[in-house]
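Source file: structure20.csv. Holds: CSV, N, CA and C atoms.
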chain,number,residue,atom,x,y,z
A,18,LEU,N,108.6,-80.5,-46.1
A,18,LEU,CA,107.5,-80.4,-45.1
A,18,LEU,C,106.4,-81.4,-45.4
A,19,THR,N,106.2,-81.9,-46.6
A,19,THR,CA,105.1,-82.8,-46.9
A,19,THR,C,105.4,-84.1,-46.2
A,20,ALA,N,106.6,-84.4,-45.8
A,20,ALA,CA,106.9,-85.7,-45.1
A,20,ALA,C,106.5,-85.7,-43.6
A,21,LEU,N,106.2,-84.5,-43.1
A,21,LEU,CA,105.9,-84.4,-41.7
A,21,LEU,C,104.4,-84.3,-41.5
A,22,ALA,N,103.9,-84.8,-40.4
A,22,ALA,CA,102.5,-84.7,-40.0
A,22,ALA,C,102.2,-83.3,-39.5
A,23,CYS,N,101.0,-82.8,-39.7
A,23,CYS,CA,100.6,-81.5,-39.2
A,23,CYS,C,100.7,-81.5,-37.7
A,24,SER,N,100.4,-82.6,-37.0
A,24,SER,CA,100.5,-82.7,-35.6
A,24,SER,C,101.9,-82.4,-35.1
A,25,SER,N,102.9,-82.7,-35.8
A,25,SER,CA,104.3,-82.5,-35.4
A,25,SER,C,104.5,-81.0,-35.3
A,26,PHE,N,104.0,-80.2,-36.2
A,26,PHE,CA,104.1,-78.8,-36.1
A,26,PHE,C,103.4,-78.2,-34.9
A,27,ALA,N,102.2,-78.7,-34.7
A,27,ALA,CA,101.4,-78.2,-33.5
A,27,ALA,C,102.1,-78.6,-32.2
A,28,ASP,N,102.8,-79.8,-32.2
A,28,ASP,CA,103.5,-80.2,-31.0
A,28,ASP,C,104.7,-79.3,-30.7
A,29,ALA,N,105.4,-79.0,-31.8
A,29,ALA,CA,106.6,-78.2,-31.7
A,29,ALA,C,106.4,-76.7,-31.3
A,30,ASP,N,105.2,-76.2,-31.7
A,30,ASP,CA,104.9,-74.8,-31.5
A,30,ASP,C,103.5,-74.7,-31.0
A,31,LYS,N,103.4,-74.5,-29.7
A,31,LYS,CA,102.1,-74.5,-29.0
A,31,LYS,C,101.2,-73.3,-29.4
A,32,THR,N,101.8,-72.3,-30.0
A,32,THR,CA,101.1,-71.1,-30.4
A,32,THR,C,100.5,-71.3,-31.8
A,33,LEU,N,100.8,-72.3,-32.5
A,33,LEU,CA,100.4,-72.6,-33.9
A,33,LEU,C,98.9,-73.0,-33.8
A,34,ARG,N,98.1,-72.3,-34.6
A,34,ARG,CA,96.7,-72.7,-34.7
A,34,ARG,C,96.5,-73.8,-35.6
A,35,VAL,N,95.6,-74.7,-35.3
A,35,VAL,CA,95.4,-75.9,-36.1
A,35,VAL,C,93.9,-76.0,-36.5
A,36,MET,N,93.6,-76.8,-37.5
A,36,MET,CA,92.2,-77.0,-38.0
A,36,MET,C,91.4,-77.8,-37.0
A,37,ASP,N,90.1,-77.7,-37.1
A,37,ASP,CA,89.2,-78.5,-36.4
A,37,ASP,C,89.4,-79.9,-36.8
A,38,PRO,N,89.4,-80.9,-35.9
A,38,PRO,CA,89.6,-82.3,-36.3
A,38,PRO,C,88.5,-82.9,-37.1
A,39,GLY,N,87.4,-82.2,-37.2
A,39,GLY,CA,86.3,-82.7,-38.0
A,39,GLY,C,86.5,-82.5,-39.5
A,40,MET,N,87.5,-81.7,-39.8
A,40,MET,CA,87.8,-81.4,-41.3
A,40,MET,C,88.5,-82.7,-41.8
A,41,LYS,N,88.0,-83.1,-43.0
A,41,LYS,CA,88.6,-84.3,-43.6
A,41,LYS,C,89.0,-84.0,-45.0
A,42,ARG,N,90.0,-84.7,-45.5
A,42,ARG,CA,90.4,-84.5,-46.9
A,42,ARG,C,89.4,-85.1,-47.8
A,43,MET,N,89.1,-84.5,-48.9
A,43,MET,CA,88.2,-85.1,-49.9
A,43,MET,C,88.9,-86.0,-50.9
A,44,ASN,N,90.2,-85.7,-51.1
A,44,ASN,CA,91.0,-86.5,-52.0
A,44,ASN,C,92.2,-87.1,-51.2
A,45,ASP,N,92.3,-88.4,-51.0
A,45,ASP,CA,93.3,-88.9,-50.1
A,45,ASP,C,94.7,-88.8,-50.7
A,46,GLY,N,94.8,-88.5,-52.0
A,46,GLY,CA,96.1,-88.4,-52.6
A,46,GLY,C,96.7,-87.0,-52.6
A,47,ALA,N,95.8,-86.0,-52.3
A,47,ALA,CA,96.2,-84.6,-52.3
A,47,ALA,C,97.0,-84.2,-51.1
A,48,LYS,N,98.0,-83.4,-51.3
A,48,LYS,CA,98.8,-82.8,-50.2
A,48,LYS,C,98.9,-81.3,-50.5
A,49,LEU,N,98.7,-80.5,-49.5
A,49,LEU,CA,98.9,-79.0,-49.6
A,49,LEU,C,99.9,-78.5,-48.6
A,50,VAL,N,100.8,-77.7,-48.9
A,50,VAL,CA,101.7,-77.1,-48.0
A,50,VAL,C,101.8,-75.6,-48.3
A,51,GLY,N,101.6,-74.8,-47.4
A,51,GLY,CA,101.7,-73.4,-47.6
A,51,GLY,C,101.1,-72.6,-46.5
A,52,VAL,N,101.2,-71.3,-46.5
A,52,VAL,CA,100.6,-70.5,-45.5
A,52,VAL,C,99.1,-70.4,-45.8
A,53,ALA,N,98.3,-70.6,-44.7
A,53,ALA,CA,96.9,-70.6,-44.9
A,53,ALA,C,96.4,-69.1,-44.9
A,54,ARG,N,95.6,-68.8,-45.9
A,54,ARG,CA,94.8,-67.5,-45.9
A,54,ARG,C,93.4,-67.9,-45.6
A,55,THR,N,92.9,-67.4,-44.5
A,55,THR,CA,91.5,-67.8,-44.1
A,55,THR,C,90.5,-66.7,-44.5
A,56,VAL,N,89.3,-67.2,-44.7
A,56,VAL,CA,88.2,-66.3,-45.0
A,56,VAL,C,86.9,-66.9,-44.5
A,57,ARG,N,86.1,-66.1,-43.8
A,57,ARG,CA,84.8,-66.6,-43.3
A,57,ARG,C,83.7,-65.9,-44.1
A,58,CYS,N,82.7,-66.7,-44.6
A,58,CYS,CA,81.6,-66.1,-45.3
A,58,CYS,C,80.4,-67.0,-45.0
A,59,HIS,N,79.2,-66.4,-45.1
A,59,HIS,CA,78.0,-67.1,-45.0
A,59,HIS,C,77.0,-66.6,-46.0
A,60,GLU,N,76.7,-67.4,-47.0
A,60,GLU,CA,75.8,-67.0,-48.1
A,60,GLU,C,76.4,-65.8,-48.8
A,61,ASP,N,77.7,-65.6,-48.8
A,61,ASP,CA,78.3,-64.4,-49.4
A,61,ASP,C,79.6,-64.9,-50.2
A,62,PHE,N,79.4,-65.1,-51.5
A,62,PHE,CA,80.5,-65.6,-52.3
A,62,PHE,C,81.6,-64.5,-52.5
A,63,LEU,N,81.2,-63.2,-52.4
A,63,LEU,CA,82.1,-62.1,-52.7
A,63,LEU,C,83.3,-62.1,-51.8
A,64,ALA,N,83.1,-62.5,-50.5
A,64,ALA,CA,84.2,-62.6,-49.6
A,64,ALA,C,85.3,-63.6,-50.0
A,65,VAL,N,84.8,-64.7,-50.6
A,65,VAL,CA,85.7,-65.7,-51.2
A,65,VAL,C,86.5,-65.2,-52.4
A,66,ILE,N,85.8,-64.5,-53.2
A,66,ILE,CA,86.4,-63.9,-54.4
A,66,ILE,C,87.5,-62.9,-54.0
A,67,ARG,N,87.2,-62.1,-53.0
A,67,ARG,CA,88.1,-61.1,-52.4
A,67,ARG,C,89.4,-61.8,-51.9
A,68,ALA,N,89.1,-62.8,-51.1
A,68,ALA,CA,90.3,-63.6,-50.5
A,68,ALA,C,91.1,-64.2,-51.6
A,69,LEU,N,90.5,-64.7,-52.7
A,69,LEU,CA,91.3,-65.2,-53.8
A,69,LEU,C,92.1,-64.1,-54.4
A,70,ALA,N,91.5,-63.0,-54.6
A,70,ALA,CA,92.2,-61.9,-55.2
A,70,ALA,C,93.4,-61.4,-54.4
A,71,ASP,N,93.2,-61.5,-53.0
A,71,ASP,CA,94.3,-61.0,-52.1
A,71,ASP,C,95.4,-62.1,-51.9
A,72,SER,N,95.1,-63.3,-52.2
A,72,SER,CA,96.0,-64.4,-52.0
A,72,SER,C,97.3,-64.3,-52.9
A,73,ARG,N,98.4,-64.8,-52.3
A,73,ARG,CA,99.6,-64.8,-53.0
A,73,ARG,C,100.0,-66.2,-53.5
A,74,PRO,N,100.8,-66.3,-54.5
A,74,PRO,CA,101.2,-67.7,-54.9
A,74,PRO,C,101.8,-68.5,-53.7
A,75,GLY,N,101.4,-69.7,-53.6
A,75,GLY,CA,101.9,-70.6,-52.5
A,75,GLY,C,101.0,-70.6,-51.3
A,76,GLU,N,100.1,-69.7,-51.2
A,76,GLU,CA,99.1,-69.7,-50.1
A,76,GLU,C,98.0,-70.7,-50.3
A,77,VAL,N,97.5,-71.2,-49.2
A,77,VAL,CA,96.4,-72.2,-49.3
A,77,VAL,C,95.1,-71.5,-48.8
A,78,LEU,N,94.1,-71.3,-49.6
A,78,LEU,CA,92.9,-70.6,-49.2
A,78,LEU,C,92.0,-71.6,-48.4
A,79,VAL,N,91.7,-71.2,-47.2
A,79,VAL,CA,90.8,-72.0,-46.3
A,79,VAL,C,89.5,-71.2,-46.1
A,80,VAL,N,88.4,-71.8,-46.5
A,80,VAL,CA,87.1,-71.1,-46.4
A,80,VAL,C,86.2,-71.7,-45.4
A,81,ASP,N,85.7,-70.9,-44.4
A,81,ASP,CA,84.8,-71.2,-43.4
A,81,ASP,C,83.4,-70.7,-43.9
A,82,THR,N,82.5,-71.6,-44.3
A,82,THR,CA,81.2,-71.1,-44.8
A,82,THR,C,80.2,-71.0,-43.7
A,83,ASP,N,80.6,-71.2,-42.4
A,83,ASP,CA,79.7,-71.1,-41.3
A,83,ASP,C,78.5,-72.0,-41.4
A,84,GLY,N,78.7,-73.2,-42.0
A,84,GLY,CA,77.7,-74.2,-42.1
A,84,GLY,C,76.8,-74.1,-43.3
A,85,SER,N,77.0,-73.1,-44.2
A,85,SER,CA,76.2,-72.9,-45.4
A,85,SER,C,76.5,-74.1,-46.3
A,86,ARG,N,75.4,-74.5,-47.0
A,86,ARG,CA,75.5,-75.6,-48.0
A,86,ARG,C,75.7,-75.1,-49.4
A,87,ARG,N,75.8,-73.8,-49.6
A,87,ARG,CA,76.0,-73.2,-50.9
A,87,ARG,C,77.4,-73.4,-51.4
A,88,ALA,N,77.5,-73.6,-52.7
A,88,ALA,CA,78.9,-73.8,-53.3
A,88,ALA,C,79.7,-72.5,-53.2
A,89,VAL,N,80.9,-72.7,-52.9
A,89,VAL,CA,81.8,-71.5,-52.9
A,89,VAL,C,82.9,-71.7,-53.9
A,90,VAL,N,83.0,-72.8,-54.5
A,90,VAL,CA,84.1,-73.1,-55.5
A,90,VAL,C,83.4,-73.7,-56.7
A,91,GLY,N,83.7,-73.2,-57.9
A,91,GLY,CA,83.2,-73.7,-59.1
A,91,GLY,C,84.2,-73.4,-60.2
A,92,GLU,N,83.6,-73.5,-61.5
A,92,GLU,CA,84.5,-73.3,-62.6
A,92,GLU,C,85.2,-72.0,-62.7
A,93,LEU,N,84.4,-70.9,-62.4
A,93,LEU,CA,85.0,-69.6,-62.5
A,93,LEU,C,86.0,-69.3,-61.4
A,94,PHE,N,85.8,-69.9,-60.2
A,94,PHE,CA,86.7,-69.8,-59.1
A,94,PHE,C,88.0,-70.5,-59.5
A,95,SER,N,87.9,-71.7,-60.0
A,95,SER,CA,89.1,-72.5,-60.4
A,95,SER,C,89.9,-71.8,-61.4
A,96,LEU,N,89.2,-71.2,-62.4
A,96,LEU,CA,89.9,-70.5,-63.5
A,96,LEU,C,90.7,-69.3,-62.9
A,97,GLU,N,90.0,-68.5,-62.0
A,97,GLU,CA,90.7,-67.4,-61.4
A,97,GLU,C,91.8,-67.8,-60.5
A,98,ALA,N,91.7,-68.9,-59.8
A,98,ALA,CA,92.8,-69.4,-58.9
A,98,ALA,C,94.0,-69.8,-59.8
A,99,THR,N,93.7,-70.4,-60.9
A,99,THR,CA,94.8,-70.8,-61.8
A,99,THR,C,95.5,-69.6,-62.3
A,100,ARG,N,94.8,-68.5,-62.7
A,100,ARG,CA,95.3,-67.3,-63.2
A,100,ARG,C,96.2,-66.6,-62.2
For the file at hand, write its structure as structure tokens.
Amino acid sequence: LTALACSSFADADKTLRVMDPGMKRMNDGAKLVGVARTVRCHEDFLAVIRALADSRPGEVLVVDTDGSRRAVVGELFSLEATR
């Protein structure tokens, strides 16, 4: 699946929800493939922790902070995600 563009999936299945085009990769070399688990939070880190706890191996956690500039990922989050 990593060889295919996300747009190919959206073209093949019109019911597939896709990300806002304003979202950009922070690391050009990184690729993620998996089922997206989404969570929305605003100034509430606990919703992110809950989503991480509910996530299954292979899922990609997508966080909508509703424009908040507070950090939602740090050392403890990364350690828990690895666990």
For this session: Write out as a list in words the residues lying within 7 Å of Val50 of chain A, counting all atoms listed in the file and excluding same-chain residues fewer than 4 positions away.
Result: Leu18, Thr19, Gly75, Glu76 and Val77 of chain A
For this session: Record the distance separating atom CA of Thr82 of chain A and atom CA of Thr55 of chain A, expressed in Å with one decimal.
Result: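 Here the two named atoms are 10.8 Å from each other.
Inside segment 18-99 of chain A, the residues DSSP reads as strand (DSSP E) when given the backbone are Ala53, Arg54, Thr55, Val56, Arg57, Val77, Leu78, Val79, Val80 and Asp81 of chain A.
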For this session: Identify, with DSSP run on backbone atoms, the residues in chain A assigned to helix (DSSP H, G or I), and express the list as an MDAnalysis selection string.
Result: chainID A and resid 23:29 62:71 92:99
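The protein and nucleic acid residues lying at most 12 Å from Ser72 of chain A are Gly51, Val52, Ala53, Arg54, Thr55, Val56, Val65, Ile66, Arg67, Ala68, Glu76, Val77, Leu78, Val79, Glu97, Ala98, Thr99 and Arg100 of chain A, with only C-alpha atoms considered and sequence neighbours fewer than 4 positions away removed.
The space separating atom C of Asp61 of chain A from atom N of Asn44 of chain A comes to 23.4 Å.
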Exercise. A:Asp81, A:Leu21, A:Asp28, A:Gly91: which is nearest Cys58 of chain A, counting all atoms listed in the file?
Worked result: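 Smallest separation from Cys58 of chain A among the options: A:Asp81.
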Exercise. Can you tell me how far atom N of Phe26 of chain A sits from atom CA of Ala70 of chain A, in Å to one decimal?
Worked result: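 Spanning atom N of Phe26 of chain A to atom CA of Ala70 of chain A is a straight-line distance of 28.9 Å.
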Exercise. Between A:Ala20, A:Glu92, A:Ser25, A:Pro74, which has the minimum distance to Lys48 of chain A (counting only C-alpha atoms)?
Worked result: A:Ala20
Exercise. Which residue out of A:Ala22, A:Gly46, A:Phe62, A:Lys41 has the minimum interatomic distance to Arg87 of chain A when only C-alpha atoms are used?
Worked result: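 That would be A:Phe62, the residue with the smallest distance to Arg87 of chain A.
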